[in-house]
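Down below is the structure, laid out as structure tokens.
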Amino acid sequence: MSSESINVGLVGYGYWGPNLLRNYMELQGARVSWVCDARPQQIERALSRCPSARGTGDYARMLADDELDAVLVATPISTHYPLARAALEAGKHVFVEKPMTASAAESRELCELAADGGLTLMVGHTFVFSPPVRKVKEIIDSGELGEVYFVTTSRVNLGLHQKDVSVVWDLAPHDLSILYYWLGEPATTVSVLGRDCVGSNHPDVAFINLRFPSGIIAEVQISWLSPVKLRRTMVVGSRKMLVYDDTENVEKVKIFDHGVDFRDPQDFGEFQLSYRTGDIVSPKIENVEPLYVEASHFVESVRTGGRPITDGEAGLQVVASLEAAEHSLHHGACEVPIDVGEPWLSSAFD
Ligand SMILES: NC(=O)c1ccc[n+]([C@@H]2O[C@H](COP(=O)([O-])OP(=O)(O)OC[C@H]3O[C@@H](n4cnc5c(N)ncnc54)[C@H](O)[C@@H]3O)[C@@H](O)[C@H]2O)c1
């Protein structure tokens, strides 16, 4: 490490890059020493907010700085792989926005490069760092819900149609990363029904069905076409059920002591179910910006050499799922196995 603080360089200062810049500028353990963007006016904007950084349109020049420890990639998806690869090859730690790359093969290569170079590779699965998502993880892990049966989730609103990708690549990384974090396992198969409603050549609505090794099933609804904004997830367990609604200002998470119990038949032909509707509890949730927690975690991982929660393997699991989902979407919603590839890859959450 070149100094007490790590020196980070940001590449990509469009819509999302400014959020990364703001959070890394607030961190104690990091110093933003470079901003790189292909558009000169964006560099100017970035430097007006962070005058101590150097600006460039030449990425190779930024990477040539020996004092630079890490690179943050916040450019469009198709550019993630070449930019992250070049940074790893230059010996820099890398944080790359979601989804990690445009294909599983590219993600695998980045994982291998990072492992070979002893470098940190982390992906921006921001929701994994959000307090309500972490609270739900805590509740599931505590066993309070019992055995998780299934999860349903809706992420829909009148959203910006992306020029280069379907709604699956744009929105599903959030839900997949949340589900894999909560359940501690990636899905094994996916099937997707979707359609391009407005004729933009990219599906703008999709219904994604997932199967998990433990038997859990999940349904993820995503769309850029909806009269209302929904960010609602239900987790149904054998003991209790839970609703996480990210559009709520308070009480984002509610635990319902509701359920249905099957009673062993006493007599031949008897079939009895007992329905339970008990208390509804909303746990206290801390109020911190997920991006700040994410940025702190990256800096901490770089400094200690520890494995980030959203490491390259977590990125690969999501990208492999997106790839399989896209295949299903274009092949009649068939069920497609999710293949992360190399056996050396263990679960990102073990
Ligand atoms: N974590 C989240 O919640 C979240 C939210 C929004 C976007 N994102 C991700 O952030 C990334 C960027 O999205 P965006 O909406 O800011 O895109 P954008 O198009 O608004 O901005 C991208 C910027 O990168 C620059 N750029 C493109 N190629 C470059 C290159 N080769 N070298 C240098 N600069 C280059 C462009 O000039 C532009 O300023 C995407 O991967 C997106 O998925 C993440």
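Each chain of the structure tokens is named A, B, ... in the order shown, its residues numbered from 1; ligands are numbered from 1 in display order.
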Step by step, measure atom-to-atom distances between ligand 1 and each residue using only C-alpha atoms and all ligand atoms, keep those at most 9 Å, then write them as a ChimeraX atom specification. /A:11-18,36-43,56-59,73-80,82-83,96-101,123-127,169-171,173-174,291
Those same residues - N, CA and C atoms - I'd like them written as a compact mmCIF listing (two decimals), in the first residue's frame.
# COMPACT_ATOMS: atom_id res chain seq x y z
N VAL A 11 -13.16 5.35 -12.93
CA VAL A 11 -13.36 5.45 -14.37
C VAL A 11 -14.86 5.39 -14.65
N GLY A 12 -15.37 6.43 -15.30
CA GLY A 12 -16.80 6.54 -15.58
C GLY A 12 -17.46 7.53 -14.64
N TYR A 13 -17.74 8.73 -15.16
CA TYR A 13 -18.41 9.75 -14.36
C TYR A 13 -19.67 10.21 -15.09
N GLY A 14 -20.62 9.24 -15.21
CA GLY A 14 -21.89 9.55 -15.88
C GLY A 14 -22.97 9.75 -14.84
N TYR A 15 -23.97 8.85 -14.86
CA TYR A 15 -25.07 8.95 -13.88
C TYR A 15 -24.63 8.42 -12.51
N TRP A 16 -23.97 7.26 -12.47
CA TRP A 16 -23.67 6.59 -11.20
C TRP A 16 -22.34 7.00 -10.60
N GLY A 17 -21.34 7.29 -11.45
CA GLY A 17 -20.00 7.65 -10.97
C GLY A 17 -20.01 8.73 -9.88
N PRO A 18 -20.81 9.80 -10.03
CA PRO A 18 -20.82 10.85 -8.99
C PRO A 18 -21.17 10.31 -7.60
N CYS A 36 -11.31 9.36 -14.50
CA CYS A 36 -11.13 9.17 -15.94
C CYS A 36 -12.50 9.05 -16.60
N ASP A 37 -12.70 9.78 -17.68
CA ASP A 37 -13.94 9.63 -18.44
C ASP A 37 -13.63 9.95 -19.90
N ALA A 38 -14.37 9.28 -20.80
CA ALA A 38 -14.16 9.50 -22.23
C ALA A 38 -14.65 10.89 -22.65
N ARG A 39 -15.52 11.52 -21.84
CA ARG A 39 -16.07 12.84 -22.19
C ARG A 39 -15.41 13.93 -21.33
N PRO A 40 -14.71 14.88 -21.98
CA PRO A 40 -13.99 15.91 -21.24
C PRO A 40 -14.88 16.71 -20.28
N GLN A 41 -16.14 16.98 -20.68
CA GLN A 41 -16.99 17.79 -19.79
C GLN A 41 -17.30 17.05 -18.49
N GLN A 42 -17.29 15.72 -18.54
CA GLN A 42 -17.55 14.94 -17.32
C GLN A 42 -16.34 15.01 -16.39
N ILE A 43 -15.14 15.04 -16.99
CA ILE A 43 -13.93 15.16 -16.16
C ILE A 43 -13.96 16.51 -15.44
N THR A 56 -8.34 12.65 -16.47
CA THR A 56 -7.77 12.21 -17.75
C THR A 56 -8.84 11.49 -18.58
N GLY A 57 -8.65 11.53 -19.88
CA GLY A 57 -9.49 10.72 -20.78
C GLY A 57 -8.71 9.48 -21.20
N ASP A 58 -7.47 9.41 -20.73
CA ASP A 58 -6.57 8.32 -21.15
C ASP A 58 -6.42 7.33 -19.98
N TYR A 59 -7.14 6.24 -20.07
CA TYR A 59 -7.18 5.25 -18.98
C TYR A 59 -5.79 4.67 -18.69
N VAL A 73 -14.74 0.94 -11.33
CA VAL A 73 -15.25 0.97 -12.70
C VAL A 73 -16.76 1.26 -12.69
N ALA A 74 -17.15 2.42 -13.24
CA ALA A 74 -18.57 2.81 -13.28
C ALA A 74 -18.95 3.26 -14.70
N THR A 75 -18.61 2.41 -15.64
CA THR A 75 -18.90 2.67 -17.06
C THR A 75 -19.99 1.69 -17.52
N PRO A 76 -20.49 1.80 -18.76
CA PRO A 76 -21.50 0.84 -19.21
C PRO A 76 -21.00 -0.61 -19.18
N ILE A 77 -21.96 -1.54 -19.05
CA ILE A 77 -21.64 -2.97 -18.82
C ILE A 77 -20.63 -3.53 -19.82
N SER A 78 -20.82 -3.21 -21.09
CA SER A 78 -19.96 -3.82 -22.12
C SER A 78 -18.48 -3.46 -21.94
N THR A 79 -18.20 -2.39 -21.20
CA THR A 79 -16.81 -1.95 -21.02
C THR A 79 -16.19 -2.47 -19.71
N HIS A 80 -17.01 -3.10 -18.85
CA HIS A 80 -16.49 -3.52 -17.53
C HIS A 80 -15.30 -4.46 -17.67
N PRO A 82 -13.01 -5.19 -20.26
CA PRO A 82 -11.69 -4.71 -20.67
C PRO A 82 -11.06 -3.73 -19.67
N LEU A 83 -11.90 -2.91 -19.05
CA LEU A 83 -11.34 -1.93 -18.10
C LEU A 83 -10.86 -2.62 -16.82
N VAL A 96 -15.90 -3.14 -9.37
CA VAL A 96 -16.60 -2.96 -10.64
C VAL A 96 -18.10 -2.96 -10.40
N GLU A 97 -18.77 -2.03 -11.07
CA GLU A 97 -20.21 -1.92 -10.90
C GLU A 97 -20.94 -3.18 -11.38
N LYS A 98 -22.18 -3.32 -10.94
CA LYS A 98 -23.00 -4.48 -11.35
C LYS A 98 -23.57 -4.24 -12.73
N PRO A 99 -23.88 -5.28 -13.50
CA PRO A 99 -23.36 -6.63 -13.34
C PRO A 99 -21.88 -6.65 -13.70
N MET A 100 -21.15 -7.60 -13.12
CA MET A 100 -19.69 -7.53 -13.19
C MET A 100 -19.17 -7.46 -14.63
N THR A 101 -19.71 -8.32 -15.50
CA THR A 101 -19.30 -8.31 -16.91
C THR A 101 -20.51 -8.66 -17.77
N VAL A 123 -17.60 -6.58 -6.55
CA VAL A 123 -18.63 -6.11 -7.47
C VAL A 123 -19.66 -5.27 -6.70
N GLY A 124 -20.22 -4.28 -7.38
CA GLY A 124 -21.14 -3.33 -6.73
C GLY A 124 -22.56 -3.84 -6.60
N HIS A 125 -22.73 -4.91 -5.83
CA HIS A 125 -24.08 -5.39 -5.51
C HIS A 125 -24.56 -4.57 -4.31
N THR A 126 -24.96 -3.35 -4.60
CA THR A 126 -25.18 -2.35 -3.55
C THR A 126 -26.20 -2.77 -2.49
N PHE A 127 -27.26 -3.49 -2.93
CA PHE A 127 -28.31 -3.82 -1.96
C PHE A 127 -27.83 -4.74 -0.84
N TRP A 169 -30.89 -7.65 -17.63
CA TRP A 169 -29.51 -7.26 -17.27
C TRP A 169 -29.49 -5.98 -16.45
N ASP A 170 -30.50 -5.13 -16.63
CA ASP A 170 -30.52 -3.86 -15.91
C ASP A 170 -31.00 -4.03 -14.46
N LEU A 171 -32.13 -4.71 -14.27
CA LEU A 171 -32.74 -4.75 -12.92
C LEU A 171 -32.50 -6.04 -12.15
N PRO A 173 -29.93 -7.97 -11.65
CA PRO A 173 -28.75 -8.14 -10.78
C PRO A 173 -29.04 -7.78 -9.33
N HIS A 174 -29.92 -6.79 -9.12
CA HIS A 174 -30.24 -6.41 -7.75
C HIS A 174 -30.92 -7.57 -7.02
N LEU A 291 -24.23 2.74 -0.11
CA LEU A 291 -23.00 2.98 -0.89
C LEU A 291 -21.80 3.30 0.00
Would you list the contacts of range 307-310 of chain A as a short mmCIF file (atom, residue, chain, number, x, y, z; two decimals) with C-alpha atoms, in the first residue's frame, taking every protein, DNA or RNA residue within 8 Å and counting only C-alpha atoms, but skipping same-chain residues closer than 6 positions in sequence?
data_model
loop_
_atom_site.label_atom_id
_atom_site.label_comp_id
_atom_site.auth_asym_id
_atom_site.auth_seq_id
_atom_site.Cartn_x
_atom_site.Cartn_y
_atom_site.Cartn_z
CA THR A 120 -9.14 -7.72 -4.43
CA LEU A 121 -11.99 -7.97 -6.91
CA MET A 122 -15.34 -6.71 -5.68
CA VAL A 123 -18.63 -6.11 -7.47
CA GLY A 124 -21.14 -3.33 -6.73
CA HIS A 125 -24.08 -5.39 -5.51
CA VAL A 128 -26.21 -6.37 -0.07
CA HIS A 297 -16.06 -2.62 2.81
CA PHE A 298 -14.01 -2.36 -0.39
CA SER A 301 -10.91 -5.61 1.99
CA ALA A 348 -19.22 -16.75 -2.43
CA PHE A 349 -21.09 -17.02 0.84
#
If you run DSSP on the backbone, which residues of range 87-117 of chain A are strand (DSSP E), as a list in words?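 Listing strand (DSSP E) positions across range 87-117 of chain A yields His93, Val94, Phe95, Val96 and Glu97 of chain A.
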Tell me which protein, DNA and RNA residues are within 9 Å of Arg232 in chain A, counting only C-alpha atoms, leaving out same-chain ones fewer than 4 positions away, and put them as a PyMOL selection string. chain A and resi 152-155+243-247
Just checking: using only C-alpha atoms, which residue out of A:Gln28, A:Trp224, A:Gly306, A:Ser321 ends up closest to Arg195 in chain A?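 Once distances to Arg195 in chain A are computed over only C-alpha atoms, the minimum belongs to A:Trp224.
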Go through range 31-211 of chain A and collect every residue that DSSP, computed from the backbone, puts in alpha helix (DSSP H); the answer should be as number ranges by chain. A: 40-49, 59-63, 77-89, 104-117, 131-142, 167-183
So which residues touch Arg22 in chain A within 12 Å, counting only C-alpha atoms, skipping near sequence neighbours fewer than 2 positions away, as a compact mmCIF listing (two decimals) with N, CA, C and O atoms, in the first residue's frame?
# COMPACT_ATOMS: atom_id res chain seq x y z
N LEU A 10 -11.27 6.61 -10.27
CA LEU A 10 -12.63 6.29 -10.75
C LEU A 10 -12.67 6.40 -12.26
O LEU A 10 -12.25 7.42 -12.82
N TYR A 13 -17.74 8.73 -15.16
CA TYR A 13 -18.41 9.75 -14.36
C TYR A 13 -19.67 10.21 -15.09
O TYR A 13 -19.77 11.31 -15.59
N TRP A 16 -23.97 7.26 -12.47
CA TRP A 16 -23.67 6.59 -11.20
C TRP A 16 -22.34 7.00 -10.60
O TRP A 16 -22.18 7.06 -9.36
N GLY A 17 -21.34 7.29 -11.45
CA GLY A 17 -20.00 7.65 -10.97
C GLY A 17 -20.01 8.73 -9.88
O GLY A 17 -19.27 8.61 -8.89
N PRO A 18 -20.81 9.80 -10.03
CA PRO A 18 -20.82 10.85 -8.99
C PRO A 18 -21.17 10.31 -7.60
O PRO A 18 -20.66 10.82 -6.59
N ASN A 19 -22.03 9.28 -7.54
CA ASN A 19 -22.37 8.71 -6.23
C ASN A 19 -21.16 8.01 -5.62
O ASN A 19 -20.93 8.09 -4.41
N LEU A 20 -20.38 7.32 -6.46
CA LEU A 20 -19.16 6.67 -5.95
C LEU A 20 -18.17 7.74 -5.49
O LEU A 20 -17.60 7.65 -4.40
N TYR A 24 -16.58 7.94 -1.72
CA TYR A 24 -15.15 7.70 -1.50
C TYR A 24 -14.46 8.96 -0.98
O TYR A 24 -13.50 8.87 -0.22
N MET A 25 -14.99 10.14 -1.35
CA MET A 25 -14.41 11.39 -0.82
C MET A 25 -14.66 11.52 0.68
O MET A 25 -13.90 12.15 1.40
N GLU A 26 -15.76 10.88 1.16
CA GLU A 26 -16.10 10.97 2.59
C GLU A 26 -15.34 9.95 3.43
O GLU A 26 -15.31 10.05 4.65
N LEU A 27 -14.76 8.95 2.79
CA LEU A 27 -14.11 7.87 3.54
C LEU A 27 -12.77 8.30 4.14
O LEU A 27 -11.99 8.98 3.47
N ALA A 30 -9.52 6.34 2.28
CA ALA A 30 -9.30 6.39 0.83
C ALA A 30 -9.12 7.83 0.35
O ALA A 30 -9.60 8.78 0.99
N ARG A 31 -8.39 7.96 -0.75
CA ARG A 31 -8.20 9.28 -1.37
C ARG A 31 -8.47 9.09 -2.86
O ARG A 31 -7.89 8.19 -3.49
N VAL A 32 -9.37 9.91 -3.41
CA VAL A 32 -9.63 9.78 -4.85
C VAL A 32 -8.54 10.57 -5.58
O VAL A 32 -8.48 11.80 -5.50
N ALA A 46 -16.30 16.42 -12.56
CA ALA A 46 -15.77 15.63 -11.44
C ALA A 46 -14.71 16.45 -10.68
O ALA A 46 -14.70 16.48 -9.45
N LEU A 47 -13.84 17.12 -11.43
CA LEU A 47 -12.76 17.86 -10.76
C LEU A 47 -13.28 19.09 -10.02
O LEU A 47 -12.65 19.53 -9.04
N ARG A 49 -15.83 19.00 -8.25
CA ARG A 49 -16.25 18.47 -6.95
C ARG A 49 -15.07 17.91 -6.16
O ARG A 49 -15.12 17.85 -4.92
N CYS A 50 -14.03 17.48 -6.85
CA CYS A 50 -12.89 16.86 -6.17
C CYS A 50 -11.60 17.44 -6.76
O CYS A 50 -10.92 16.78 -7.56
N GLU A 289 -26.18 5.01 4.53
CA GLU A 289 -26.25 4.90 3.07
C GLU A 289 -25.53 3.63 2.62
O GLU A 289 -24.35 3.44 2.92
N LEU A 291 -24.23 2.74 -0.11
CA LEU A 291 -23.00 2.98 -0.89
C LEU A 291 -21.80 3.30 0.00
O LEU A 291 -20.67 2.96 -0.32
N TYR A 292 -22.07 3.97 1.13
CA TYR A 292 -20.98 4.29 2.05
C TYR A 292 -20.46 2.99 2.70
O TYR A 292 -19.25 2.79 2.81
N ALA A 295 -18.50 1.11 0.04
CA ALA A 295 -17.18 1.71 -0.20
C ALA A 295 -16.23 1.38 0.96
O ALA A 295 -15.07 1.02 0.74
Counting only C-alpha atoms, what is within 10 Å of range 86-91 of chain A, bar same-chain residues fewer than 5 positions away, as a list of chain:residue names? A:Tyr59, A:Ala60, A:Met62, A:Leu63, A:Ala64, A:Asp65, A:Asp66, A:Leu68, A:Asp69, A:Ala70, A:Val71, A:Leu72, A:Val73, A:Tyr81, A:Leu110, A:Cys111, A:Leu113, A:Ala114, A:Ala115, A:Asp116, A:Gly117, A:Gly118, A:Leu119, A:Thr120, A:Leu121
May I have the selected residues written with N, CA and C atoms, as a JSON list (two decimals), in the first residue's frame?
[["chain", "number", "residue", "atom", "x", "y", "z"],
["A", 59, "TYR", "N", -7.14, 6.24, -20.07],
["A", 59, "TYR", "CA", -7.18, 5.25, -18.98],
["A", 59, "TYR", "C", -5.79, 4.67, -18.69],
["A", 60, "ALA", "N", -5.03, 4.43, -19.77],
["A", 60, "ALA", "CA", -3.69, 3.84, -19.60],
["A", 60, "ALA", "C", -2.81, 4.77, -18.76],
["A", 62, "MET", "N", -3.80, 6.74, -16.34],
["A", 62, "MET", "CA", -4.20, 6.58, -14.93],
["A", 62, "MET", "C", -3.58, 5.30, -14.36],
["A", 63, "LEU", "N", -3.65, 4.21, -15.14],
["A", 63, "LEU", "CA", -3.13, 2.93, -14.65],
["A", 63, "LEU", "C", -1.61, 2.94, -14.49],
["A", 64, "ALA", "N", -0.95, 3.83, -15.23],
["A", 64, "ALA", "CA", 0.52, 3.88, -15.17],
["A", 64, "ALA", "C", 1.03, 4.52, -13.87],
["A", 65, "ASP", "N", 0.12, 5.11, -13.10],
["A", 65, "ASP", "CA", 0.53, 5.75, -11.85],
["A", 65, "ASP", "C", 0.84, 4.68, -10.80],
["A", 66, "ASP", "N", 2.09, 4.57, -10.39],
["A", 66, "ASP", "CA", 2.50, 3.56, -9.41],
["A", 66, "ASP", "C", 1.86, 3.77, -8.05],
["A", 68, "LEU", "N", -1.18, 4.59, -7.56],
["A", 68, "LEU", "CA", -2.60, 4.22, -7.59],
["A", 68, "LEU", "C", -2.76, 2.78, -7.10],
["A", 69, "ASP", "N", -3.62, 2.61, -6.08],
["A", 69, "ASP", "CA", -3.82, 1.27, -5.50],
["A", 69, "ASP", "C", -5.01, 0.53, -6.11],
["A", 70, "ALA", "N", -6.09, 1.27, -6.38],
["A", 70, "ALA", "CA", -7.34, 0.59, -6.77],
["A", 70, "ALA", "C", -8.11, 1.40, -7.79],
["A", 71, "VAL", "N", -8.91, 0.67, -8.59],
["A", 71, "VAL", "CA", -9.71, 1.32, -9.63],
["A", 71, "VAL", "C", -11.19, 0.99, -9.39],
["A", 72, "LEU", "N", -12.05, 2.01, -9.55],
["A", 72, "LEU", "CA", -13.49, 1.84, -9.45],
["A", 72, "LEU", "C", -14.06, 1.98, -10.85],
["A", 73, "VAL", "N", -14.74, 0.94, -11.33],
["A", 73, "VAL", "CA", -15.25, 0.97, -12.70],
["A", 73, "VAL", "C", -16.76, 1.26, -12.69],
["A", 81, "TYR", "N", -15.46, -5.47, -18.55],
["A", 81, "TYR", "CA", -14.41, -6.49, -18.65],
["A", 81, "TYR", "C", -13.06, -5.91, -19.11],
["A", 110, "LEU", "N", -11.79, -12.65, -14.94],
["A", 110, "LEU", "CA", -11.43, -11.64, -13.94],
["A", 110, "LEU", "C", -11.15, -12.28, -12.59],
["A", 111, "CYS", "N", -11.97, -13.28, -12.22],
["A", 111, "CYS", "CA", -11.75, -13.99, -10.94],
["A", 111, "CYS", "C", -10.36, -14.63, -10.94],
["A", 113, "LEU", "N", -7.71, -13.84, -12.79],
["A", 113, "LEU", "CA", -6.66, -12.81, -12.79],
["A", 113, "LEU", "C", -6.45, -12.24, -11.39],
["A", 114, "ALA", "N", -7.55, -11.95, -10.70],
["A", 114, "ALA", "CA", -7.46, -11.38, -9.36],
["A", 114, "ALA", "C", -6.80, -12.39, -8.41],
["A", 115, "ALA", "N", -7.23, -13.66, -8.52],
["A", 115, "ALA", "CA", -6.66, -14.69, -7.64],
["A", 115, "ALA", "C", -5.17, -14.85, -7.90],
["A", 116, "ASP", "N", -4.78, -14.90, -9.18],
["A", 116, "ASP", "CA", -3.36, -15.06, -9.54],
["A", 116, "ASP", "C", -2.52, -13.89, -9.03],
["A", 117, "GLY", "N", -3.09, -12.69, -9.10],
["A", 117, "GLY", "CA", -2.31, -11.50, -8.70],
["A", 117, "GLY", "C", -2.45, -11.17, -7.22],
["A", 118, "GLY", "N", -3.24, -11.95, -6.48],
["A", 118, "GLY", "CA", -3.45, -11.65, -5.05],
["A", 118, "GLY", "C", -4.14, -10.31, -4.87],
["A", 119, "LEU", "N", -5.07, -9.99, -5.78],
["A", 119, "LEU", "CA", -5.72, -8.68, -5.76],
["A", 119, "LEU", "C", -7.19, -8.80, -5.38],
["A", 120, "THR", "N", -7.72, -7.75, -4.79],
["A", 120, "THR", "CA", -9.14, -7.72, -4.43],
["A", 120, "THR", "C", -9.97, -7.43, -5.66],
["A", 121, "LEU", "N", -11.02, -8.23, -5.85],
["A", 121, "LEU", "CA", -11.99, -7.97, -6.91],
["A", 121, "LEU", "C", -13.36, -7.96, -6.24]]
I'd like the contact shell of Leu225 in chain A - 8 Å cut-off, only C-alpha atoms, skipping same-chain residues fewer than 5 positions apart - returned as a list in words.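 With the cut-off at 8 Å, the set is Val156, Asn157, Leu158, Gly159, Asp204 and Val205 of chain A.
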Selection from above, all heavy atoms, as an mmCIF file, in the first residue's frame, can you write it?
data_model
loop_
_atom_site.group_PDB
_atom_site.id
_atom_site.type_symbol
_atom_site.label_atom_id
_atom_site.label_comp_id
_atom_site.auth_asym_id
_atom_site.auth_seq_id
_atom_site.Cartn_x
_atom_site.Cartn_y
_atom_site.Cartn_z
ATOM 1 N N VAL A 156 -40.630 -2.959 -10.116
ATOM 2 C CA VAL A 156 -41.240 -2.390 -11.321
ATOM 3 C C VAL A 156 -41.499 -0.905 -11.113
ATOM 4 O O VAL A 156 -41.778 -0.459 -10.003
ATOM 5 C CB VAL A 156 -42.576 -3.101 -11.660
ATOM 6 C CG1 VAL A 156 -42.367 -4.579 -11.892
ATOM 7 C CG2 VAL A 156 -43.632 -2.889 -10.581
ATOM 8 N N ASN A 157 -41.370 -0.149 -12.160
ATOM 9 C CA ASN A 157 -41.789 1.260 -12.179
ATOM 10 C C ASN A 157 -41.728 1.753 -13.620
ATOM 11 O O ASN A 157 -41.334 0.985 -14.521
ATOM 12 C CB ASN A 157 -40.935 2.145 -11.263
ATOM 13 C CG ASN A 157 -39.489 2.216 -11.658
ATOM 14 O OD1 ASN A 157 -38.865 1.187 -11.882
ATOM 15 N ND2 ASN A 157 -38.937 3.397 -11.756
ATOM 16 N N LEU A 158 -42.137 3.007 -13.856
ATOM 17 C CA LEU A 158 -42.040 3.540 -15.207
ATOM 18 C C LEU A 158 -40.581 3.959 -15.382
ATOM 19 O O LEU A 158 -40.229 5.115 -15.175
ATOM 20 C CB LEU A 158 -43.001 4.730 -15.348
ATOM 21 C CG LEU A 158 -43.518 5.018 -16.751
ATOM 22 C CD1 LEU A 158 -44.164 3.801 -17.384
ATOM 23 C CD2 LEU A 158 -44.521 6.162 -16.703
ATOM 24 N N GLY A 159 -39.736 2.993 -15.728
ATOM 25 C CA GLY A 159 -38.280 3.213 -15.683
ATOM 26 C C GLY A 159 -37.700 3.561 -17.038
ATOM 27 O O GLY A 159 -38.323 3.364 -18.079
ATOM 28 N N ASP A 204 -38.827 -5.375 -22.009
ATOM 29 C CA ASP A 204 -38.953 -4.392 -20.933
ATOM 30 C C ASP A 204 -39.784 -4.916 -19.770
ATOM 31 O O ASP A 204 -40.041 -4.185 -18.809
ATOM 32 C CB ASP A 204 -39.505 -3.047 -21.449
ATOM 33 C CG ASP A 204 -40.631 -3.227 -22.454
ATOM 34 O OD1 ASP A 204 -41.294 -4.274 -22.394
ATOM 35 O OD2 ASP A 204 -40.828 -2.331 -23.288
ATOM 36 N N VAL A 205 -40.234 -6.168 -19.880
ATOM 37 C CA VAL A 205 -40.896 -6.816 -18.742
ATOM 38 C C VAL A 205 -40.437 -8.276 -18.722
ATOM 39 O O VAL A 205 -40.269 -8.891 -19.775
ATOM 40 C CB VAL A 205 -42.439 -6.720 -18.840
ATOM 41 C CG1 VAL A 205 -42.972 -7.323 -20.125
ATOM 42 C CG2 VAL A 205 -43.102 -7.404 -17.643
#
Distance in Å - CA of Trp182 in chain A versus CA of Lys137 in chain A: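 Between CA of Trp182 in chain A and CA of Lys137 in chain A the gap is 4.9 Å.
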Rounded to one decimal in Å, what is the spacing between CA of Leu210 in chain A and CA of Ser282 in chain A?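 Computing it gives 27.8 Å between the two atoms.
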